[in-house]
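Input: a single structure, listed below in structure tokens.
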Amino acid sequence: MKLKYLISPDSELTTDFISKAIQDFQTRYLPNLNYLWNYYVGKQKITKKEPSDIGRPNNIAMVNYCNSIVNNYNGYITGIPISYTNDDFQDIIDIINYNDVTQEDTEYLKNALIYGRAFECNYIDEEGQQRFKLFSTKECLPIYSNTLEEHLLYVVRFYRESLLEKQIGDDN
């Protein structure tokens, strides 16, 4: 199931379009993303299967190949961190050292391997330093241009704010 939301590059991104896209995403694509995550963590349907004969034990032996493949490939690609040594690129090395680039890259690749896509935000923090943060694939909605090239125009991140966070942050 290919996730595609298209909009004209000239048109305005409206709240109506965003809300319809989010609703469509949650009904059509989110169940598949949850299915893929459950496969990764070992919650396949076979584990819930009841034996045909009530008296027989449920001796289902399952090997989570999805988890093995993702973790092995991820370890192969990101297991040995890239080392950067060059005085000309000291600014880039400082950014890499300031961020936990090894952990971020590992999680980014894991999301890409599980879901087929991953999202990372690049931003400037309170100290004026460049940072990057991985976003959950289940919370991000890519919007592409409706041209032949289908350029990525926007990524909308949506999430539910928990009641607990509201209560803790509320002084009233």
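Residues in the structure tokens are numbered from 1 in each chain, the chains being A, B, ... in the order shown, and ligands are numbered from 1 in the order shown.
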
All helix (DSSP H, G or I) positions in chain A, as JSON, numbers by chain: {"A": [15, 16, 17, 18, 19, 20, 21, 22, 23, 24, 25, 26, 27, 28, 29, 30, 31, 32, 33, 34, 35, 36, 37, 38, 39, 40, 41, 45, 46, 47, 48, 65, 66, 67, 68, 69, 70, 71, 72, 73, 74, 75, 76, 77, 78, 87, 88, 89, 90, 91, 92, 93, 94, 95, 96, 97, 98, 101, 102, 103, 104, 105, 106, 107, 108, 109, 110, 111, 112, 113, 114, 115, 137, 138, 139, 163, 164, 165, 166, 167, 168, 169]}

Keeping C-alpha atoms, export the residues of the selection given above as a compact mmCIF listing (two decimals), in the first residue's frame.
```txt
# COMPACT_ATOMS: atom_id res chain seq x y z
CA THR A 15 -6.31 22.92 7.45
CA ASP A 16 -9.20 21.21 5.66
CA PHE A 17 -6.77 19.33 3.38
CA ILE A 18 -4.55 18.42 6.35
CA SER A 19 -7.44 17.16 8.48
CA LYS A 20 -8.82 15.03 5.61
CA ALA A 21 -5.36 13.63 4.90
CA ILE A 22 -4.77 12.80 8.58
CA GLN A 23 -8.17 11.11 8.82
CA ASP A 24 -7.44 9.10 5.66
CA PHE A 25 -3.97 8.21 6.96
CA GLN A 26 -5.35 6.97 10.28
CA THR A 27 -8.03 4.81 8.66
CA ARG A 28 -6.14 3.44 5.64
CA TYR A 29 -2.41 3.44 6.41
CA LEU A 30 -1.99 3.39 10.20
CA PRO A 31 -3.41 -0.15 10.58
CA ASN A 32 -0.80 -1.40 8.11
CA LEU A 33 2.00 0.44 9.97
CA ASN A 34 0.79 -1.13 13.24
CA TYR A 35 0.75 -4.53 11.51
CA LEU A 36 4.37 -4.03 10.39
CA TRP A 37 5.44 -2.96 13.90
CA ASN A 38 3.70 -5.99 15.45
CA TYR A 39 5.55 -8.22 13.02
CA TYR A 40 8.85 -6.66 14.09
CA VAL A 41 8.18 -7.09 17.83
CA LYS A 45 -1.26 -13.74 14.26
CA ILE A 46 0.11 -17.27 14.62
CA THR A 47 0.85 -16.65 18.31
CA LYS A 48 -2.88 -16.21 18.99
CA TYR A 65 12.67 -13.52 11.16
CA CYS A 66 11.45 -9.95 10.68
CA ASN A 67 13.22 -8.83 13.86
CA SER A 68 16.34 -10.81 12.97
CA ILE A 69 16.55 -9.42 9.45
CA VAL A 70 15.99 -5.81 10.54
CA ASN A 71 18.47 -6.01 13.42
CA ASN A 72 21.14 -7.84 11.40
CA TYR A 73 20.89 -5.47 8.45
CA ASN A 74 20.80 -2.46 10.76
CA GLY A 75 23.86 -3.72 12.62
CA TYR A 76 25.65 -4.38 9.35
CA ILE A 77 25.02 -0.85 8.05
CA THR A 78 25.40 1.17 11.27
CA ASP A 87 40.12 20.00 9.66
CA ASP A 88 38.19 21.47 6.70
CA PHE A 89 34.94 19.97 7.98
CA GLN A 90 35.26 20.86 11.66
CA ASP A 91 31.77 22.46 11.71
CA ILE A 92 30.21 19.19 10.54
CA ILE A 93 32.25 17.18 13.04
CA ASP A 94 31.07 19.49 15.83
CA ILE A 95 27.43 18.92 14.84
CA ILE A 96 27.96 15.16 14.73
CA ASN A 97 29.62 15.19 18.16
CA TYR A 98 26.89 17.43 19.65
CA VAL A 101 24.55 10.59 15.49
CA THR A 102 25.18 6.85 15.90
CA GLN A 103 21.99 6.31 17.89
CA GLU A 104 19.92 8.55 15.60
CA ASP A 105 21.19 6.82 12.45
CA THR A 106 20.50 3.39 13.94
CA GLU A 107 16.92 4.31 14.90
CA TYR A 108 16.36 6.07 11.56
CA LEU A 109 17.45 3.00 9.60
CA LYS A 110 15.39 0.70 11.85
CA ASN A 111 12.25 2.74 11.12
CA ALA A 112 13.04 2.72 7.40
CA LEU A 113 13.52 -1.06 7.43
CA ILE A 114 10.33 -1.75 9.37
CA TYR A 115 7.96 0.73 7.71
CA THR A 137 6.58 7.08 11.08
CA LYS A 138 3.09 6.65 12.55
CA GLU A 139 2.92 10.43 13.23
CA LEU A 163 -3.90 13.97 29.47
CA LEU A 164 -1.09 13.34 31.94
CA GLU A 165 1.20 15.83 30.20
CA LYS A 166 -1.59 18.40 30.23
CA GLN A 167 -2.22 17.85 33.93
CA ILE A 168 1.44 18.05 34.90
CA GLY A 169 2.04 21.19 32.84
```

All residues 12 Å or closer to segment 151-153 of chain A, only C-alpha atoms, same chain fewer than 6 positions away omitted, as a list in words: Lys4, Tyr5, Leu6, Ile7, Ser8, Pro9, Asp10, Ser11, Glu12, Leu13, Leu141, Pro142, Ile143, Tyr144 and Ser145 of chain A

If you run DSSP over the backbone, which residues in segment 1-164 of chain A end up strand (DSSP E)? Put them as a PyMOL selection string. chain A and resi 6-7+119-124+130-135+140-145+152-157

Please compute the atom CA of Arg157 of chain A-atom CA of Gly116 of chain A distance, one decimal, in Å. 17.3 Å

Just want the 6 Å neighbourhood of Glu120 of chain A, counted on only C-alpha atoms, with same-chain residues fewer than 4 positions away dropped. Output as a list in words.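 Residues near the query, excluding close chain neighbours: Lys133, Leu134 and Phe135 of chain A.
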
Nearest to Phe132 of chain A, chosen from A:Asn99, A:Glu149, A:Val63, A:Ser52, with only C-alpha atoms counted in the distances: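 That would be A:Asn99, the residue with the smallest distance to Phe132 of chain A.
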